[in-house]
file data_39.txt (compact mmCIF, C-alpha atoms)
# COMPACT_ATOMS: atom_id res chain seq x y z
CA MET F 1 -179.92 -202.48 -98.64
CA LYS F 2 -177.49 -204.83 -96.93
CA PRO F 3 -178.65 -206.57 -93.73
CA LYS F 4 -177.08 -205.55 -90.44
CA ILE F 5 -174.86 -208.27 -89.04
CA ILE F 6 -175.43 -209.19 -85.42
CA GLY F 7 -172.51 -211.14 -84.02
CA LEU F 8 -173.56 -213.64 -81.37
CA THR F 9 -170.80 -215.04 -79.20
CA GLY F 10 -169.98 -216.46 -75.80
CA GLY F 11 -167.61 -218.92 -74.23
CA ILE F 12 -167.84 -222.63 -74.86
CA GLY F 13 -170.91 -224.05 -73.12
CA SER F 14 -172.48 -220.63 -72.51
CA GLY F 15 -175.63 -221.44 -74.48
CA LYS F 16 -174.99 -219.29 -77.54
CA SER F 17 -176.35 -222.02 -79.85
CA THR F 18 -179.60 -222.10 -77.89
CA VAL F 19 -179.85 -218.31 -78.12
CA ALA F 20 -179.06 -218.47 -81.86
CA LYS F 21 -181.90 -220.96 -82.40
CA LEU F 22 -184.28 -218.66 -80.51
CA PHE F 23 -183.40 -215.81 -82.87
CA GLU F 24 -183.84 -218.14 -85.84
CA THR F 25 -187.31 -219.23 -84.69
CA MET F 26 -188.21 -215.53 -84.50
CA GLY F 27 -187.34 -215.05 -88.17
CA PHE F 28 -183.68 -214.05 -88.15
CA PRO F 29 -181.46 -215.74 -90.77
CA LEU F 30 -178.78 -217.67 -88.85
CA TYR F 31 -175.19 -218.40 -89.85
CA ILE F 32 -173.41 -220.81 -87.50
CA ALA F 33 -169.71 -220.21 -88.10
CA ASP F 34 -168.50 -223.26 -86.14
CA ASP F 35 -170.70 -225.63 -88.19
CA GLN F 36 -169.56 -224.06 -91.46
CA ALA F 37 -165.91 -224.23 -90.39
CA LYS F 38 -166.32 -227.97 -89.73
CA LEU F 39 -167.83 -228.44 -93.20
CA LEU F 40 -165.04 -226.41 -94.80
CA THR F 41 -162.38 -228.66 -93.23
CA LYS F 42 -163.82 -231.48 -95.36
CA SER F 43 -162.95 -229.65 -98.58
CA PRO F 44 -159.88 -231.13 -100.29
CA GLU F 45 -158.07 -227.76 -100.42
CA ILE F 46 -158.52 -226.97 -96.71
CA LEU F 47 -157.82 -230.55 -95.65
CA ALA F 48 -154.58 -230.56 -97.68
CA GLN F 49 -153.44 -227.35 -95.95
CA ILE F 50 -154.24 -228.84 -92.53
CA VAL F 51 -152.26 -232.01 -93.32
CA GLN F 52 -149.37 -229.96 -94.68
CA THR F 53 -149.32 -227.91 -91.46
CA PHE F 54 -150.06 -230.57 -88.83
CA GLY F 55 -148.98 -233.82 -90.48
CA ASN F 56 -150.73 -237.07 -91.35
CA GLU F 57 -151.42 -237.91 -87.69
CA VAL F 58 -154.54 -235.70 -87.86
CA ILE F 59 -156.01 -237.94 -90.58
CA GLU F 60 -157.86 -241.17 -89.90
CA ASP F 61 -159.71 -243.17 -92.56
CA ASN F 62 -159.05 -240.36 -95.09
CA GLN F 63 -160.87 -237.87 -92.87
CA LEU F 64 -159.84 -235.23 -90.38
CA ASN F 65 -159.63 -236.61 -86.86
CA ARG F 66 -161.02 -233.62 -84.99
CA ALA F 67 -160.05 -235.00 -81.58
CA LYS F 68 -156.39 -235.37 -82.57
CA LEU F 69 -156.32 -231.93 -84.14
CA ALA F 70 -157.98 -230.42 -81.05
CA SER F 71 -155.43 -232.06 -78.76
CA LEU F 72 -152.66 -230.41 -80.80
CA VAL F 73 -154.08 -226.92 -81.17
CA PHE F 74 -155.70 -226.32 -77.79
CA LYS F 75 -152.43 -227.03 -75.98
CA ASN F 76 -150.42 -224.66 -78.13
CA PRO F 77 -151.57 -221.13 -79.06
CA THR F 78 -149.15 -221.04 -82.02
CA GLN F 79 -150.70 -224.20 -83.47
CA LEU F 80 -154.19 -222.78 -82.90
CA ALA F 81 -153.21 -219.61 -84.76
CA LEU F 82 -151.94 -221.73 -87.66
CA LEU F 83 -155.25 -223.62 -87.87
CA ASN F 84 -157.24 -220.38 -87.70
CA ALA F 85 -155.08 -218.90 -90.49
CA ILE F 86 -156.12 -221.82 -92.70
CA VAL F 87 -159.83 -221.96 -91.88
CA HIS F 88 -160.87 -218.36 -91.22
CA PRO F 89 -160.15 -216.81 -94.64
CA ALA F 90 -162.22 -219.55 -96.30
CA LEU F 91 -164.94 -219.11 -93.68
CA GLN F 92 -165.08 -215.36 -94.32
CA ILE F 93 -165.57 -215.93 -98.06
CA HIS F 94 -168.27 -218.51 -97.33
CA PHE F 95 -170.06 -216.07 -94.99
CA GLN F 96 -170.00 -213.26 -97.56
CA ASN F 97 -171.52 -215.60 -100.18
CA TRP F 98 -174.15 -216.80 -97.69
CA LEU F 99 -175.04 -213.18 -96.89
CA LEU F 100 -175.99 -212.63 -100.56
CA LYS F 101 -178.96 -214.99 -100.05
CA TYR F 102 -180.61 -212.50 -97.68
CA PRO F 103 -180.65 -209.10 -99.42
CA SER F 104 -184.01 -208.11 -97.93
CA ALA F 105 -183.31 -209.17 -94.34
CA ARG F 106 -182.98 -206.31 -91.89
CA TYR F 107 -180.70 -208.28 -89.58
CA ILE F 108 -178.89 -211.60 -89.69
CA ILE F 109 -177.31 -213.50 -86.81
CA LYS F 110 -173.74 -214.73 -87.11
CA GLU F 111 -173.03 -217.14 -84.27
CA ALA F 112 -169.31 -217.63 -83.65
CA ALA F 113 -167.53 -218.94 -80.57
CA ILE F 114 -164.39 -216.98 -81.39
CA LEU F 115 -165.97 -213.90 -82.94
CA PHE F 116 -163.47 -211.62 -81.19
CA GLU F 117 -160.43 -213.88 -81.34
CA SER F 118 -160.82 -214.33 -85.12
CA GLY F 119 -161.31 -210.61 -85.73
CA SER F 120 -164.64 -211.20 -87.48
CA TYR F 121 -166.39 -208.99 -84.91
CA LYS F 122 -165.09 -206.06 -86.97
CA ASP F 123 -167.63 -206.93 -89.68
CA CYS F 124 -170.55 -206.86 -87.22
CA ASP F 125 -172.90 -203.95 -86.70
CA LEU F 126 -173.96 -205.16 -83.25
CA ILE F 127 -172.66 -207.81 -80.87
CA ILE F 128 -174.52 -209.99 -78.37
CA THR F 129 -172.56 -211.95 -75.77
CA VAL F 130 -174.08 -214.88 -73.90
CA ILE F 131 -172.69 -215.44 -70.41
CA CYS F 132 -173.20 -218.29 -67.98
CA PRO F 133 -171.49 -219.38 -64.74
CA LEU F 134 -168.16 -221.09 -65.44
CA GLU F 135 -168.94 -224.33 -63.61
CA THR F 136 -172.24 -224.69 -65.48
CA ARG F 137 -170.38 -224.23 -68.77
CA ILE F 138 -167.75 -226.82 -67.85
CA GLN F 139 -170.37 -229.41 -66.86
CA ARG F 140 -172.40 -228.79 -70.05
CA VAL F 141 -169.39 -229.33 -72.30
CA ILE F 142 -168.20 -232.43 -70.40
CA GLN F 143 -171.65 -233.94 -70.86
CA ARG F 144 -172.19 -232.75 -74.45
CA ASP F 145 -168.76 -233.67 -75.82
CA GLN F 146 -168.01 -236.65 -73.56
CA THR F 147 -164.70 -235.06 -72.65
CA THR F 148 -162.65 -234.26 -69.58
CA ARG F 149 -162.64 -231.20 -67.36
CA ALA F 150 -159.00 -230.57 -68.35
CA ALA F 151 -159.88 -230.61 -72.06
CA VAL F 152 -162.73 -228.13 -71.50
CA LEU F 153 -160.47 -225.82 -69.48
CA GLU F 154 -157.87 -225.90 -72.29
CA ARG F 155 -160.51 -224.61 -74.69
CA ILE F 156 -161.78 -222.01 -72.25
CA ASN F 157 -158.24 -220.76 -71.71
CA ASN F 158 -157.86 -220.22 -75.48
CA GLN F 159 -160.95 -218.00 -75.61
CA TRP F 160 -161.55 -214.45 -74.48
CA THR F 161 -162.97 -214.04 -70.99
CA ASP F 162 -166.56 -212.94 -70.43
CA GLU F 163 -165.23 -209.61 -69.19
CA GLN F 164 -163.31 -209.04 -72.45
CA ARG F 165 -166.37 -209.95 -74.54
CA ILE F 166 -168.75 -207.81 -72.46
CA GLU F 167 -166.54 -204.76 -72.93
CA LYS F 168 -167.02 -204.92 -76.72
CA SER F 169 -170.68 -206.01 -76.77
CA ASN F 170 -173.90 -204.09 -77.32
CA PHE F 171 -176.11 -206.62 -75.53
CA ILE F 172 -175.46 -209.21 -72.81
CA ILE F 173 -177.65 -212.26 -72.31
CA GLU F 174 -177.34 -214.05 -68.97
CA ASN F 175 -178.13 -217.71 -69.51
CA THR F 176 -179.66 -218.89 -66.26
CA ASP F 177 -182.83 -220.65 -67.45
CA LEU F 178 -184.79 -221.07 -70.68
CA SER F 179 -187.74 -218.81 -69.82
CA THR F 180 -185.40 -215.95 -68.87
CA LEU F 181 -183.43 -216.62 -72.05
CA ASN F 182 -186.57 -216.32 -74.18
CA GLN F 183 -187.50 -213.02 -72.54
CA GLN F 184 -184.01 -211.56 -72.98
CA VAL F 185 -184.06 -212.44 -76.70
CA ARG F 186 -187.51 -210.83 -77.07
CA ASP F 187 -186.27 -207.71 -75.26
CA ILE F 188 -183.32 -207.39 -77.63
CA ILE F 189 -185.58 -207.84 -80.67
CA LYS F 190 -187.85 -205.02 -79.38
CA GLN F 191 -184.82 -202.75 -79.12
CA LEU F 192 -183.79 -203.59 -82.70
CA LYS F 193 -187.14 -202.49 -84.16
call {"tool": "encode", "arguments": {"input": "data_39.txt", "output": "structure tokens"}}
result
Amino acid sequence: MKPKIIGLTGGIGSGKSTVAKLFETMGFPLYIADDQAKLLTKSPEILAQIVQTFGNEVIEDNQLNRAKLASLVFKNPTQLALLNAIVHPALQIHFQNWLLKYPSARYIIKEAAILFESGSYKDCDLIITVICPLETRIQRVIQRDQTTRAAVLERINNQWTDEQRIEKSNFIIENTDLSTLNQQVRDIIKQLK
């Protein structure tokens, strides 16, 4: 029997990675789509497609300069769509192969920032959205990524809103503090059993 796929999403800085790790510590296999996408961009085939699409300016020391690529794609939705068209098909294949490692799991967690935007939510049996106040999210990302408020807002503006995500989700986790977060994850797990 194939495991049920639980999509875990939320806006940048919402705390979805923290929630994902909580599920993982409670025995759920975890696939982190953003991490895998970063690894896939190192493959010669994907990197060549990125260079062909965006030019050599996104390469530095024979490697992808993520900051330069981000500055191109997050200012232009067309460019972002081009990047996603390169990375997401490869990511979907990678995910399907990863899934084969867990034939006896009842559920697996697929954490993806752009679960809805990429269309991969359609492959999920259930969806959990993590929400958090906007200003908290902005401050977290500024601190985590050593970036500017404007750069964070560009990324936020290229993602679905919390309201859009909530409408298509089975569970909502409000990320206000860690103890509440733990309890909300436990409550969801109880409902899954």
call {"tool": "atom_distance", "arguments": {"input": "data_39.txt", "atom1": "atom CA of F:Val141", "atom2": "atom CA of F:Gly13"}}
result
5.6 Å
call {"tool": "residues_around", "arguments": {"input": "data_39.txt", "residues": "stretch 162-175 of chain F", "least_positions_apart": "5", "cutoff": "6 Å", "atoms": "all atoms listed in the file", "output": "PyMOL selection string"}}
result
chain F and resi 127-132+181
call {"tool": "atom_distance", "arguments": {"input": "data_39.txt", "atom1": "atom CA of F:Trp160", "atom2": "atom CA of F:Arg137"}}
result
14.4 Å
call {"tool": "closest_atom_pairs", "arguments": {"input": "data_39.txt", "of": "stretch 8-122 of chain F", "to": "stretch 142-159 of chain F", "cutoff": "7 Å", "atoms": "all atoms listed in the file", "output": "JSON lines"}}
result
{"residue": "F:Gly11", "atom": "CA", "partner": "F:Gln159", "partner_atom": "CA", "distance": 6.9}
{"residue": "F:Ile12", "atom": "CA", "partner": "F:Ile156", "partner_atom": "CA", "distance": 6.6}
{"residue": "F:Phe74", "atom": "CA", "partner": "F:Glu154", "partner_atom": "CA", "distance": 5.9}
{"residue": "F:Lys75", "atom": "CA", "partner": "F:Glu154", "partner_atom": "CA", "distance": 6.7}
{"residue": "F:Ile114", "atom": "CA", "partner": "F:Gln159", "partner_atom": "CA", "distance": 6.8}
call {"tool": "closest_atom_pairs", "arguments": {"input": "data_39.txt", "of": "stretch 103-190 of chain F", "to": "stretch 35-57 of chain F", "cutoff": "12 Å", "atoms": "all atoms listed in the file", "output": "Markdown table"}}
result
| residue | atom | partner | partner_atom | distance |
| --- | --- | --- | --- | --- |
| F:Lys110 | CA | F:Gln36 | CA | 11.1 |
| F:Glu111 | CA | F:Asp35 | CA | 9.6 |
| F:Ala112 | CA | F:Asp35 | CA | 9.3 |
| F:Ala113 | CA | F:Asp35 | CA | 10.6 |
| F:Ile114 | CA | F:Ala37 | CA | 11.7 |
call {"tool": "write_last_selection", "arguments": {"input": "data_39.txt", "atoms": "C-alpha atoms", "output": "PDB file, in the coordinates of the input"}}
result
ATOM      1  CA  LYS F 110    -173.740-214.730 -87.110  1.00  0.00           C
ATOM      2  CA  GLU F 111    -173.030-217.140 -84.270  1.00  0.00           C
ATOM      3  CA  ALA F 112    -169.310-217.630 -83.650  1.00  0.00           C
ATOM      4  CA  ALA F 113    -167.530-218.940 -80.570  1.00  0.00           C
ATOM      5  CA  ILE F 114    -164.390-216.980 -81.390  1.00  0.00           C
TER       6      ILE F 114
END
call {"tool": "atom_distance", "arguments": {"input": "data_39.txt", "atom1": "atom CA of F:Arg140", "atom2": "atom CA of F:Ser14"}}
result
8.5 Å
call {"tool": "closest_residue", "arguments": {"input": "data_39.txt", "among": "F:Ile93, F:Leu99, F:Leu8, F:Ile59", "to": "F:Leu22", "atoms": "all atoms listed in the file"}}
result
F:Leu8
call {"tool": "closest_residue", "arguments": {"input": "data_39.txt", "among": "F:Ala20, F:Leu80, F:Leu126, F:Ala67", "to": "F:Val185", "atoms": "all atoms listed in the file"}}
result
F:Ala20
call {"tool": "closest_residue", "arguments": {"input": "data_39.txt", "among": "F:Pro89, F:Pro29, F:Tyr121, F:Gln183", "to": "F:Ser104", "atoms": "all atoms listed in the file"}}
result
F:Pro29
call {"tool": "closest_residue", "arguments": {"input": "data_39.txt", "among": "F:Gly15, F:Pro3, F:Gly10, F:Gly119", "to": "F:Asp177", "atoms": "only C-alpha atoms"}}
result
F:Gly15
call {"tool": "residues_near_point", "arguments": {"input": "data_39.txt", "point": "(-182.5, -210.5, -90.7)", "cutoff": "9 Å", "atoms": "all atoms listed in the file", "output": "PyMOL selection string"}}
result
chain F and resi 3-6+27-30+102+104-109
call {"tool": "closest_residue", "arguments": {"input": "data_39.txt", "among": "F:Leu91, F:Lys2, F:Arg186, F:Val73", "to": "F:Thr25", "atoms": "only C-alpha atoms"}}
result
F:Arg186
call {"tool": "closest_residue", "arguments": {"input": "data_39.txt", "among": "F:Thr136, F:Thr9, F:Ser71, F:Lys193", "to": "F:Thr176", "atoms": "only C-alpha atoms"}}
result
F:Thr136
call {"tool": "axis_aligned_box", "arguments": {"input": "data_39.txt", "around": "stretch 18-21 of chain F", "padding_each_side": "8 Å", "output": "lines of an AutoDock Vina configuration file"}}
result
center_x = -180.5
center_y = -220.2
center_z = -80.1
size_x = 18.8
size_y = 19.8
size_z = 20.5
